[in-house]
Structures are given as C-alpha cells and as structure tokens.
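Chemist: Here you go, one structure.
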There are 2 protein chains.
Amino acid sequence: MTGSDGAGVWGIGVGPGDPELVTLKALRLIRAADVIAYPAPEAGESFARSIVAPHLPGGQREIAIRMALGDGSFPKADIYDSAAEEILKEVAAGRRVAVLCEGDPFFYGSFIYLYGRLAGRCPVAVVPGVSSLMACAGAAETPLALRNQSLTVIPGPLPEAELRSRLAQCEAAAIIKVGRHLTKIRAVLEELGLTDRARYVERASLGTQRVLPLREAAAGEAPYFSMILLQGKA
Amino acid sequence: MTGSDGAGVWGIGVGPGDPELVTLKALRLIRAADVIAYPAPEAGESFARSIVAPHLPGGQREIAIRMALGDGSFPKADIYDSAAEEILKEVAAGRRVAVLCEGDPFFYGSFIYLYGRLAGRCPVAVVPGVSSLMACAGAAETPLALRNQSLTVIPGPLPEAELRSRLAQCEAAAIIKVGRHLTKIRAVLEELGLTDRARYVERASLGTQRVLPLREAAAGEAPYFSMILLQGKA
C-alpha cells in the first residue's frame, strides 16, 4: 500500500544473506524506490545493503541508519526517532522509500521500531522475506517442526533461568542471537540433556556458512548471526 | 548440492502464494530442473504448482504427489514411499528434480517426509522460502516478536488441553492450521483472556487475503490456510 501519488514506505525483507534469496517482489520494489534506507554499523558497510548491492540500479538517495549492532544491546530510541523523521520528510516530498531489512521485517527485525513510528503517519507496507530461521534449518538439514509439534523461538540473551524454563517446556526449538551467549546456552542444554539433539549453524546461506553438531562447536563466543536448532522428538 | 552429473533433488520453498514472493534462486532452479514434483489434492490443481505456474518454461516432466489435503489428517506413508521411489528413478537416470513446496520446505512442510526417504540415497538440497508465518505477520501489520520475546508456533489441531497449556505458557504466538479448529481455539483464547490481542489472517499474500481482529472473524470453520497471531506484551 502506498499513497495515491505512490509515495510511502516499504519495509522489505531481503533474506538471510545470499543475494539469490531475494524475492521478485523485493527486487521490483527496491529498484522502483527513490530512496533506500537500511540499518548499518557505526562504521562500515550495511549487511542488509550488501545483500541487494548486486541488484541496485544506482542513483538512489540512501539513508544509512547507523547504530551499534551485534553486541546484544538495543539501539537507543532517538536513533529510530530521527530515522523516522528523515524518512517522513522523503515521503512528504512524494518519494517512495524502501527500508531494507535482513531476513524478514517482522521477525525480530529493527524495522519493527521504525514501523511503530511511521504507521498512521504515512502509507507503510511490509514485504515478507526469507527468514534466517528457515535458512538455518535448510543449511542444517534439520526440519524445524512437523505434524502437530510446537516450535519455540528463544532469544539466547535471555537470563539463564528463563532460558532453562523455556527450553524445558518446549518441543522443537530454535535459539537465536547466540553470539556471546554460547557458553551459557551450552550449559543449560547440557543440564537439560538436550545437547545431542542440538545443531549449531552460523552465517546460513553465505559462503562462510558453518553447520556443526553443537558438541563440536568451538567454546566461547559465536558470531552474532548464529543459531542453535533443536528438533522435536519424532 | 547435486551429484557430479548435476542429478539430484532440490526441495524448493515457493512462498505463501503470491507468485512474486518466489526467490531468484527458486526461480533459477525450477527453470533448470528436468522434472518438477509437487503435492496436489486427490483431484484438481496443486497450490504449490499454481504459485510458480507463471514462471514455468514448459516441457518439463511433472510428478503430482496426490493426497487428501487440508482436512487435518496426515497422508499415509505409502504415498511418500511411492513418490520417493518415482523421484529416485528420475535421479538415477541423471535428471534434476525440483520438489515445489508451499511456503518453506522445513516449516511443517510435507517435503519433510520426502526428505526423510531421499536423504542418503541421492543428493538433496533445501532452498528456503518465504513462510506463511512471515507473510501473515506482514499482512496483519503485526510484528511476530521483537527484542528478547519468545515466539511459539502452535498447531491448531492440538487437543484442547495441550493448546491451553501451550498458550498459557507462551509469550508471542502464532496458531497455525486453524481450519476446522477455529471454534475450539477461540474458546481457549477467550478463557485465557487473550482474544483482544489476537489477529486472524486467511490466505496471506493472495488476492483473497483477509485480516480481522479475531473477535470479528466469523464463527465456525476457517480455510485451511488461516492463522491467528498473538503479539507479545511490549
């Protein structure tokens, strides 16, 4: 949905990393946009932008939303406040803004915070993308869930006690945002007798992808883009 | 991954329904395949095939895996046994087989049963797709989960007591396979005081898409492709 003049915002999922895992719809809208906006680290290249870089037509205005990424903290509200204002100015000038989102915009995406600031103030539409959840399962050759199994997605940064109680209750599970929480997560899984069911995946769909039984993953820190999958009992 | 002669099987996610939500990778591999295989109802057209129909080059051999779909029962094992044998014969003859999967192959997909019969007997690779989970969230303008929320995917056909206990424990949730279980699910959500947080979505990404607060959804049965989303507390 965009306004009658076409101006508005698309939150576009660009998939887990492989530029070929972009959808036709994402590609069409990104190329049609007057402005592209994307999260970026405080210095250096945006991962979301790098995914679609081979597809960009050139000549678009770009808004890099710079924030501390990947350290497990959440960006300050004023970063989203000012990004939303900048985007609203573009829309008010009649422009179409594509916000590039790693994976899917509404699955733990930073776009959710922008969405909360834009919805109701300008036309906003969400274009779903291939999530890292599905990319990790395919890479690990591990079905996420089948039949009438429940599947719980659990953030690794949770306090140890909550991690333990969520994992003890769940059937199939995916632990996301593993990063510097790997040691804590491994200890909880070991305590619950779940280690042998756990597969570790990092950088799914990228050339640097790694998949291992959790027991064989190195101790210590993992990259921010890593996940642990636990299959439900058949 | 395919064999040295290129023969093998790709399980390819074709997304939730909109032919534009197919990835570039899916498109390339489907067009390169010698054979396409897909689940289909006992009579009539395959939904998975219809999603990519605009993209098919023509001239490919087709294997329709016919089964009773959408009534909540699970197909008999012999349907997958014979489909796997038919696919293995194609691979043995040096052919590349694309198995078309609605949404994502490893997220409650019937491909999981084929995968279990093919893996280790021929090269098999999974190409992730846009899941109905993400498509419903985008359609409903309802983020699935953010920050350190847990997200639980709960199949609607579960017995009422298990549905109640899973919903009582979870934070954010998506209830899938709603179909003829709508009345039971509504009763449980009402009992738990969750109705006002629930959004109902059917046929996300298709022209017939509908999104409603659950309270306004009609009583009785829902289409098989329907979902209820419950946002976590902010």
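Chain labels follow the order of the structure tokens: the first chain is A, the next B, and so on; residue numbering restarts at 1 in every chain, and ligands are counted from 1 in their shown order.
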Take chain A, superimpose it onto chain B by least squares using every C-alpha atom paired in sequence order, and output the result as a PDB file with C-alpha atoms, in the first residue's frame.
Modeler:
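Result file is part19.pdb:
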```pdb
ATOM      1  CA  MET A   1      24.233 -29.803  -3.550  1.00  0.00           C
ATOM      2  CA  THR A   2      23.701 -32.070  -6.514  1.00  0.00           C
ATOM      3  CA  GLY A   3      25.761 -34.945  -7.860  1.00  0.00           C
ATOM      4  CA  SER A   4      28.716 -34.497 -10.221  1.00  0.00           C
ATOM      5  CA  ASP A   5      26.407 -34.964 -13.190  1.00  0.00           C
ATOM      6  CA  GLY A   6      24.011 -32.381 -11.714  1.00  0.00           C
ATOM      7  CA  ALA A   7      21.414 -35.022 -10.925  1.00  0.00           C
ATOM      8  CA  GLY A   8      19.672 -34.723  -7.589  1.00  0.00           C
ATOM      9  CA  VAL A   9      16.715 -33.266  -5.749  1.00  0.00           C
ATOM     10  CA  TRP A  10      16.022 -29.701  -4.668  1.00  0.00           C
ATOM     11  CA  GLY A  11      13.287 -29.089  -2.121  1.00  0.00           C
ATOM     12  CA  ILE A  12      12.278 -25.559  -3.054  1.00  0.00           C
ATOM     13  CA  GLY A  13      10.174 -23.161  -0.983  1.00  0.00           C
ATOM     14  CA  VAL A  14       7.917 -21.238  -3.362  1.00  0.00           C
ATOM     15  CA  GLY A  15       6.485 -18.876  -0.762  1.00  0.00           C
ATOM     16  CA  PRO A  16       2.997 -18.282   0.637  1.00  0.00           C
ATOM     17  CA  GLY A  17       1.038 -17.834  -2.586  1.00  0.00           C
ATOM     18  CA  ASP A  18       1.891 -14.579  -4.390  1.00  0.00           C
ATOM     19  CA  PRO A  19       3.983 -15.615  -7.446  1.00  0.00           C
ATOM     20  CA  GLU A  20       6.126 -12.516  -6.792  1.00  0.00           C
ATOM     21  CA  LEU A  21       7.197 -13.894  -3.389  1.00  0.00           C
ATOM     22  CA  VAL A  22       9.316 -16.537  -5.102  1.00  0.00           C
ATOM     23  CA  THR A  23      13.091 -16.058  -4.701  1.00  0.00           C
ATOM     24  CA  LEU A  24      15.561 -15.666  -7.557  1.00  0.00           C
ATOM     25  CA  LYS A  25      17.194 -18.933  -6.512  1.00  0.00           C
ATOM     26  CA  ALA A  26      13.892 -20.832  -6.570  1.00  0.00           C
ATOM     27  CA  LEU A  27      13.127 -19.446  -9.987  1.00  0.00           C
ATOM     28  CA  ARG A  28      16.533 -20.369 -11.414  1.00  0.00           C
ATOM     29  CA  LEU A  29      16.434 -23.934 -10.074  1.00  0.00           C
ATOM     30  CA  ILE A  30      12.817 -24.570 -11.034  1.00  0.00           C
ATOM     31  CA  ARG A  31      13.573 -23.474 -14.601  1.00  0.00           C
ATOM     32  CA  ALA A  32      16.752 -25.581 -14.686  1.00  0.00           C
ATOM     33  CA  ALA A  33      15.007 -28.738 -13.461  1.00  0.00           C
ATOM     34  CA  ASP A  34      14.231 -31.635 -15.780  1.00  0.00           C
ATOM     35  CA  VAL A  35      11.344 -32.752 -13.582  1.00  0.00           C
ATOM     36  CA  ILE A  36       9.044 -30.881 -11.208  1.00  0.00           C
ATOM     37  CA  ALA A  37       7.207 -32.679  -8.414  1.00  0.00           C
ATOM     38  CA  TYR A  38       4.592 -31.192  -6.096  1.00  0.00           C
ATOM     39  CA  PRO A  39       1.858 -32.115  -3.614  1.00  0.00           C
ATOM     40  CA  ALA A  40      -1.622 -31.991  -5.112  1.00  0.00           C
ATOM     41  CA  PRO A  41      -5.145 -32.768  -3.921  1.00  0.00           C
ATOM     42  CA  GLU A  42      -6.755 -36.046  -4.927  1.00  0.00           C
ATOM     43  CA  ALA A  43      -8.444 -34.190  -7.757  1.00  0.00           C
ATOM     44  CA  GLY A  44      -7.664 -30.772  -9.138  1.00  0.00           C
ATOM     45  CA  GLU A  45      -4.843 -28.281  -9.204  1.00  0.00           C
ATOM     46  CA  SER A  46      -1.765 -28.164  -6.968  1.00  0.00           C
ATOM     47  CA  PHE A  47      -1.458 -24.943  -4.957  1.00  0.00           C
ATOM     48  CA  ALA A  48       2.365 -25.149  -4.955  1.00  0.00           C
ATOM     49  CA  ARG A  49       2.406 -25.577  -8.734  1.00  0.00           C
ATOM     50  CA  SER A  50      -0.065 -22.707  -9.237  1.00  0.00           C
ATOM     51  CA  ILE A  51       2.320 -20.336  -7.416  1.00  0.00           C
ATOM     52  CA  VAL A  52       5.108 -20.894  -9.936  1.00  0.00           C
ATOM     53  CA  ALA A  53       2.917 -21.586 -12.985  1.00  0.00           C
ATOM     54  CA  PRO A  54       3.626 -18.117 -14.466  1.00  0.00           C
ATOM     55  CA  HIS A  55       7.355 -18.928 -14.339  1.00  0.00           C
ATOM     56  CA  LEU A  56       7.421 -22.464 -15.806  1.00  0.00           C
ATOM     57  CA  PRO A  57       9.301 -22.877 -19.085  1.00  0.00           C
ATOM     58  CA  GLY A  58       7.083 -25.736 -20.339  1.00  0.00           C
ATOM     59  CA  GLY A  59       8.233 -29.163 -21.475  1.00  0.00           C
ATOM     60  CA  GLN A  60       9.200 -30.465 -18.016  1.00  0.00           C
ATOM     61  CA  ARG A  61       8.096 -33.859 -16.813  1.00  0.00           C
ATOM     62  CA  GLU A  62       5.729 -33.432 -13.838  1.00  0.00           C
ATOM     63  CA  ILE A  63       5.063 -35.670 -10.850  1.00  0.00           C
ATOM     64  CA  ALA A  64       1.877 -34.796  -8.947  1.00  0.00           C
ATOM     65  CA  ILE A  65       2.012 -36.325  -5.464  1.00  0.00           C
ATOM     66  CA  ARG A  66      -1.720 -36.739  -4.897  1.00  0.00           C
ATOM     67  CA  MET A  67      -3.044 -36.886  -1.339  1.00  0.00           C
ATOM     68  CA  ALA A  68      -6.020 -35.799   0.767  1.00  0.00           C
ATOM     69  CA  LEU A  69      -5.043 -32.228   1.703  1.00  0.00           C
ATOM     70  CA  GLY A  70      -6.384 -29.713   4.143  1.00  0.00           C
ATOM     71  CA  ASP A  71      -8.649 -31.923   6.207  1.00  0.00           C
ATOM     72  CA  GLY A  72      -6.174 -32.052   9.097  1.00  0.00           C
ATOM     73  CA  SER A  73      -5.276 -35.710   8.699  1.00  0.00           C
ATOM     74  CA  PHE A  74      -1.770 -36.761   7.654  1.00  0.00           C
ATOM     75  CA  PRO A  75      -1.223 -38.601   4.361  1.00  0.00           C
ATOM     76  CA  LYS A  76      -0.459 -42.304   4.557  1.00  0.00           C
ATOM     77  CA  ALA A  77       3.212 -43.315   4.507  1.00  0.00           C
ATOM     78  CA  ASP A  78       2.820 -45.248   1.253  1.00  0.00           C
ATOM     79  CA  ILE A  79       2.068 -42.047  -0.655  1.00  0.00           C
ATOM     80  CA  TYR A  80       5.512 -40.716   0.286  1.00  0.00           C
ATOM     81  CA  ASP A  81       7.126 -44.115  -0.225  1.00  0.00           C
ATOM     82  CA  SER A  82       5.975 -44.329  -3.827  1.00  0.00           C
ATOM     83  CA  ALA A  83       6.685 -40.629  -4.562  1.00  0.00           C
ATOM     84  CA  ALA A  84      10.238 -41.098  -3.243  1.00  0.00           C
ATOM     85  CA  GLU A  85      10.748 -44.165  -5.441  1.00  0.00           C
ATOM     86  CA  GLU A  86       9.486 -42.294  -8.489  1.00  0.00           C
ATOM     87  CA  ILE A  87      11.827 -39.371  -7.764  1.00  0.00           C
ATOM     88  CA  LEU A  88      14.800 -41.692  -7.148  1.00  0.00           C
ATOM     89  CA  LYS A  89      14.245 -43.278 -10.553  1.00  0.00           C
ATOM     90  CA  GLU A  90      14.492 -39.842 -12.193  1.00  0.00           C
ATOM     91  CA  VAL A  91      17.701 -39.051 -10.331  1.00  0.00           C
ATOM     92  CA  ALA A  92      19.171 -42.447 -11.242  1.00  0.00           C
ATOM     93  CA  ALA A  93      18.487 -41.523 -14.877  1.00  0.00           C
ATOM     94  CA  GLY A  94      20.628 -38.394 -14.416  1.00  0.00           C
ATOM     95  CA  ARG A  95      17.792 -35.904 -13.993  1.00  0.00           C
ATOM     96  CA  ARG A  96      17.408 -32.872 -11.733  1.00  0.00           C
ATOM     97  CA  VAL A  97      14.140 -32.903  -9.784  1.00  0.00           C
ATOM     98  CA  ALA A  98      12.649 -29.752  -8.215  1.00  0.00           C
ATOM     99  CA  VAL A  99      10.117 -30.528  -5.485  1.00  0.00           C
ATOM    100  CA  LEU A 100       7.845 -27.482  -5.106  1.00  0.00           C
ATOM    101  CA  CYS A 101       6.905 -26.709  -1.508  1.00  0.00           C
ATOM    102  CA  GLU A 102       4.335 -24.148  -0.339  1.00  0.00           C
ATOM    103  CA  GLY A 103       5.987 -21.632   1.975  1.00  0.00           C
ATOM    104  CA  ASP A 104       9.234 -23.125   3.278  1.00  0.00           C
ATOM    105  CA  PRO A 105      10.150 -26.823   2.881  1.00  0.00           C
ATOM    106  CA  PHE A 106      11.235 -27.384   6.511  1.00  0.00           C
ATOM    107  CA  PHE A 107       8.486 -25.426   8.298  1.00  0.00           C
ATOM    108  CA  TYR A 108       5.696 -28.016   8.697  1.00  0.00           C
ATOM    109  CA  GLY A 109       6.126 -28.920   5.032  1.00  0.00           C
ATOM    110  CA  SER A 110       5.156 -32.249   3.516  1.00  0.00           C
ATOM    111  CA  PHE A 111       8.640 -32.197   1.926  1.00  0.00           C
ATOM    112  CA  ILE A 112      10.011 -33.259   5.331  1.00  0.00           C
ATOM    113  CA  TYR A 113       8.570 -36.749   4.766  1.00  0.00           C
ATOM    114  CA  LEU A 114      10.110 -37.000   1.312  1.00  0.00           C
ATOM    115  CA  TYR A 115      13.399 -35.694   2.673  1.00  0.00           C
ATOM    116  CA  GLY A 116      13.504 -38.488   5.220  1.00  0.00           C
ATOM    117  CA  ARG A 117      13.115 -41.026   2.418  1.00  0.00           C
ATOM    118  CA  LEU A 118      15.612 -39.419  -0.021  1.00  0.00           C
ATOM    119  CA  ALA A 119      18.486 -38.177   2.160  1.00  0.00           C
ATOM    120  CA  GLY A 120      21.446 -40.529   1.966  1.00  0.00           C
ATOM    121  CA  ARG A 121      20.082 -42.182  -1.182  1.00  0.00           C
ATOM    122  CA  CYS A 122      20.653 -39.254  -3.575  1.00  0.00           C
ATOM    123  CA  PRO A 123      21.914 -35.657  -3.372  1.00  0.00           C
ATOM    124  CA  VAL A 124      19.231 -33.463  -1.763  1.00  0.00           C
ATOM    125  CA  ALA A 125      19.397 -29.723  -1.084  1.00  0.00           C
ATOM    126  CA  VAL A 126      16.834 -27.439   0.528  1.00  0.00           C
ATOM    127  CA  VAL A 127      16.127 -23.926  -0.772  1.00  0.00           C
ATOM    128  CA  PRO A 128      14.374 -21.887   1.919  1.00  0.00           C
ATOM    129  CA  GLY A 129      11.292 -19.859   1.029  1.00  0.00           C
ATOM    130  CA  VAL A 130       9.103 -17.111   2.440  1.00  0.00           C
ATOM    131  CA  SER A 131       6.950 -18.787   5.068  1.00  0.00           C
ATOM    132  CA  SER A 132       3.248 -18.167   5.674  1.00  0.00           C
ATOM    133  CA  LEU A 133       4.334 -17.197   9.204  1.00  0.00           C
ATOM    134  CA  MET A 134       6.109 -14.103   7.920  1.00  0.00           C
ATOM    135  CA  ALA A 135       3.503 -13.438   5.212  1.00  0.00           C
ATOM    136  CA  CYS A 136       0.680 -13.460   7.775  1.00  0.00           C
ATOM    137  CA  ALA A 137       2.570 -11.088  10.088  1.00  0.00           C
ATOM    138  CA  GLY A 138       3.156  -8.623   7.253  1.00  0.00           C
ATOM    139  CA  ALA A 139      -0.468  -8.866   6.124  1.00  0.00           C
ATOM    140  CA  ALA A 140      -1.772  -8.386   9.671  1.00  0.00           C
ATOM    141  CA  GLU A 141       0.613  -5.487  10.349  1.00  0.00           C
ATOM    142  CA  THR A 142       1.554  -7.464  13.452  1.00  0.00           C
ATOM    143  CA  PRO A 143       5.250  -7.968  14.282  1.00  0.00           C
ATOM    144  CA  LEU A 144       5.834 -11.612  15.243  1.00  0.00           C
ATOM    145  CA  ALA A 145       8.338 -10.923  18.014  1.00  0.00           C
ATOM    146  CA  LEU A 146      10.906  -8.349  18.983  1.00  0.00           C
ATOM    147  CA  ARG A 147      13.763  -7.793  21.445  1.00  0.00           C
ATOM    148  CA  ASN A 148      14.071 -10.847  23.712  1.00  0.00           C
ATOM    149  CA  GLN A 149      10.513 -12.135  23.380  1.00  0.00           C
ATOM    150  CA  SER A 150       9.995 -15.831  22.771  1.00  0.00           C
ATOM    151  CA  LEU A 151       7.710 -16.813  19.903  1.00  0.00           C
ATOM    152  CA  THR A 152       5.815 -20.109  19.892  1.00  0.00           C
ATOM    153  CA  VAL A 153       4.235 -21.644  16.824  1.00  0.00           C
ATOM    154  CA  ILE A 154       1.311 -23.803  17.915  1.00  0.00           C
ATOM    155  CA  PRO A 155      -0.682 -26.129  15.625  1.00  0.00           C
ATOM    156  CA  GLY A 156      -4.420 -25.573  15.950  1.00  0.00           C
ATOM    157  CA  PRO A 157      -5.288 -29.318  15.708  1.00  0.00           C
ATOM    158  CA  LEU A 158      -3.693 -29.984  19.133  1.00  0.00           C
ATOM    159  CA  PRO A 159      -6.079 -31.316  21.792  1.00  0.00           C
ATOM    160  CA  GLU A 160      -7.764 -28.531  23.769  1.00  0.00           C
ATOM    161  CA  ALA A 161      -5.810 -29.213  26.968  1.00  0.00           C
ATOM    162  CA  GLU A 162      -2.430 -29.021  25.245  1.00  0.00           C
ATOM    163  CA  LEU A 163      -3.475 -25.923  23.314  1.00  0.00           C
ATOM    164  CA  ARG A 164      -4.452 -24.308  26.637  1.00  0.00           C
ATOM    165  CA  SER A 165      -1.197 -25.176  28.388  1.00  0.00           C
ATOM    166  CA  ARG A 166       0.993 -24.049  25.430  1.00  0.00           C
ATOM    167  CA  LEU A 167      -0.899 -20.754  25.118  1.00  0.00           C
ATOM    168  CA  ALA A 168      -0.806 -20.123  28.856  1.00  0.00           C
ATOM    169  CA  GLN A 169       3.003 -20.530  28.884  1.00  0.00           C
ATOM    170  CA  CYS A 170       3.925 -18.630  25.735  1.00  0.00           C
ATOM    171  CA  GLU A 171       4.796 -15.033  25.143  1.00  0.00           C
ATOM    172  CA  ALA A 172       4.165 -14.143  21.459  1.00  0.00           C
ATOM    173  CA  ALA A 173       2.411 -16.889  19.487  1.00  0.00           C
ATOM    174  CA  ALA A 174       1.212 -17.939  16.056  1.00  0.00           C
ATOM    175  CA  ILE A 175      -1.518 -20.564  15.866  1.00  0.00           C
ATOM    176  CA  ILE A 176      -1.277 -22.336  12.511  1.00  0.00           C
ATOM    177  CA  LYS A 177      -3.550 -24.795  10.672  1.00  0.00           C
ATOM    178  CA  VAL A 178      -6.626 -23.093  12.145  1.00  0.00           C
ATOM    179  CA  GLY A 179      -9.149 -24.500   9.647  1.00  0.00           C
ATOM    180  CA  ARG A 180     -11.902 -26.497  11.272  1.00  0.00           C
ATOM    181  CA  HIS A 181     -10.396 -25.931  14.744  1.00  0.00           C
ATOM    182  CA  LEU A 182     -11.416 -22.257  14.909  1.00  0.00           C
ATOM    183  CA  THR A 183     -14.242 -22.707  17.432  1.00  0.00           C
ATOM    184  CA  LYS A 184     -12.036 -24.689  19.837  1.00  0.00           C
ATOM    185  CA  ILE A 185      -9.165 -22.191  19.533  1.00  0.00           C
ATOM    186  CA  ARG A 186     -11.462 -19.210  20.131  1.00  0.00           C
ATOM    187  CA  ALA A 187     -12.862 -20.798  23.272  1.00  0.00           C
ATOM    188  CA  VAL A 188      -9.364 -21.404  24.691  1.00  0.00           C
ATOM    189  CA  LEU A 189      -8.183 -17.865  23.880  1.00  0.00           C
ATOM    190  CA  GLU A 190     -11.320 -16.389  25.433  1.00  0.00           C
ATOM    191  CA  GLU A 191     -10.847 -18.468  28.578  1.00  0.00           C
ATOM    192  CA  LEU A 192      -7.230 -17.227  28.854  1.00  0.00           C
ATOM    193  CA  GLY A 193      -8.236 -13.594  28.281  1.00  0.00           C
ATOM    194  CA  LEU A 194      -6.194 -13.425  25.071  1.00  0.00           C
ATOM    195  CA  THR A 195      -8.903 -12.711  22.485  1.00  0.00           C
ATOM    196  CA  ASP A 196      -8.292  -8.966  22.327  1.00  0.00           C
ATOM    197  CA  ARG A 197      -4.632  -9.497  21.420  1.00  0.00           C
ATOM    198  CA  ALA A 198      -5.472 -11.944  18.613  1.00  0.00           C
ATOM    199  CA  ARG A 199      -5.496 -11.140  14.875  1.00  0.00           C
ATOM    200  CA  TYR A 200      -6.965 -13.551  12.332  1.00  0.00           C
ATOM    201  CA  VAL A 201      -5.413 -13.870   8.838  1.00  0.00           C
ATOM    202  CA  GLU A 202      -6.493 -16.028   5.936  1.00  0.00           C
ATOM    203  CA  ARG A 203      -4.832 -16.578   2.529  1.00  0.00           C
ATOM    204  CA  ALA A 204      -1.977 -14.139   3.218  1.00  0.00           C
ATOM    205  CA  SER A 205      -0.411 -12.609   0.098  1.00  0.00           C
ATOM    206  CA  LEU A 206      -3.192 -13.835  -2.211  1.00  0.00           C
ATOM    207  CA  GLY A 207      -5.850 -11.632  -3.814  1.00  0.00           C
ATOM    208  CA  THR A 208      -8.398 -13.215  -1.473  1.00  0.00           C
ATOM    209  CA  GLN A 209      -6.415 -12.294   1.669  1.00  0.00           C
ATOM    210  CA  ARG A 210      -8.486 -11.311   4.758  1.00  0.00           C
ATOM    211  CA  VAL A 211      -7.262  -9.831   8.045  1.00  0.00           C
ATOM    212  CA  LEU A 212      -9.532  -9.270  11.036  1.00  0.00           C
ATOM    213  CA  PRO A 213      -9.424  -8.896  14.790  1.00  0.00           C
ATOM    214  CA  LEU A 214     -10.219 -12.452  15.937  1.00  0.00           C
ATOM    215  CA  ARG A 215     -13.399 -11.224  17.642  1.00  0.00           C
ATOM    216  CA  GLU A 216     -14.773 -10.177  14.232  1.00  0.00           C
ATOM    217  CA  ALA A 217     -13.923 -13.414  12.417  1.00  0.00           C
ATOM    218  CA  ALA A 218     -16.993 -15.434  11.540  1.00  0.00           C
ATOM    219  CA  ALA A 219     -17.792 -18.380  13.812  1.00  0.00           C
ATOM    220  CA  GLY A 220     -17.411 -21.921  12.538  1.00  0.00           C
ATOM    221  CA  GLU A 221     -14.821 -23.166  10.082  1.00  0.00           C
ATOM    222  CA  ALA A 222     -11.948 -21.214   8.579  1.00  0.00           C
ATOM    223  CA  PRO A 223     -10.012 -22.027   5.406  1.00  0.00           C
ATOM    224  CA  TYR A 224      -7.065 -24.391   5.872  1.00  0.00           C
ATOM    225  CA  PHE A 225      -4.693 -21.529   5.041  1.00  0.00           C
ATOM    226  CA  SER A 226      -5.508 -19.403   8.062  1.00  0.00           C
ATOM    227  CA  MET A 227      -3.527 -18.321  11.108  1.00  0.00           C
ATOM    228  CA  ILE A 228      -4.061 -16.488  14.395  1.00  0.00           C
ATOM    229  CA  LEU A 229      -1.312 -14.162  15.633  1.00  0.00           C
ATOM    230  CA  LEU A 230      -0.884 -13.104  19.254  1.00  0.00           C
ATOM    231  CA  GLN A 231       1.535 -10.275  19.909  1.00  0.00           C
ATOM    232  CA  GLY A 232       3.692 -10.472  22.988  1.00  0.00           C
ATOM    233  CA  LYS A 233       3.301  -7.737  25.581  1.00  0.00           C
ATOM    234  CA  ALA A 234       5.612  -4.806  24.712  1.00  0.00           C
TER     235      ALA A 234
END
```
Chemist: Per DSSP on the backbone, what are the helix (DSSP H, G or I) residues of region 112-161 of chain B, as a PyMOL selection string?
Modeler: chain B and resi 112-118+132-139+160-161
Chemist: Output C-alpha atoms of each residue in that selection to a file, as a CSV table (one decimal), in the first residue's frame.
Modeler:
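Result saved to result22.csv:
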```
chain,number,residue,atom,x,y,z
B,112,ILE,CA,10.0,-33.3,5.3
B,113,TYR,CA,8.6,-36.7,4.8
B,114,LEU,CA,10.1,-37.0,1.3
B,115,TYR,CA,13.4,-35.7,2.7
B,116,GLY,CA,13.5,-38.5,5.2
B,117,ARG,CA,13.1,-41.0,2.4
B,118,LEU,CA,15.6,-39.4,0.0
B,132,SER,CA,3.2,-18.2,5.7
B,133,LEU,CA,4.3,-17.2,9.2
B,134,MET,CA,6.1,-14.1,7.9
B,135,ALA,CA,3.5,-13.4,5.2
B,136,CYS,CA,0.7,-13.4,7.8
B,137,ALA,CA,2.6,-11.1,10.1
B,138,GLY,CA,3.1,-8.6,7.2
B,139,ALA,CA,-0.5,-8.9,6.1
B,160,GLU,CA,-7.8,-28.5,23.8
B,161,ALA,CA,-5.8,-29.2,27.0
```
Chemist: Please identify the strand (DSSP E or B) residues within region 2-211 of chain A (assignment by DSSP from backbone atoms) and present them as number ranges by chain.
Modeler: A: 8-13, 15, 23, 35-40, 61-66, 96-101, 103, 107, 119, 122, 124-127, 145, 151-155, 172-176, 198-202, 210-211
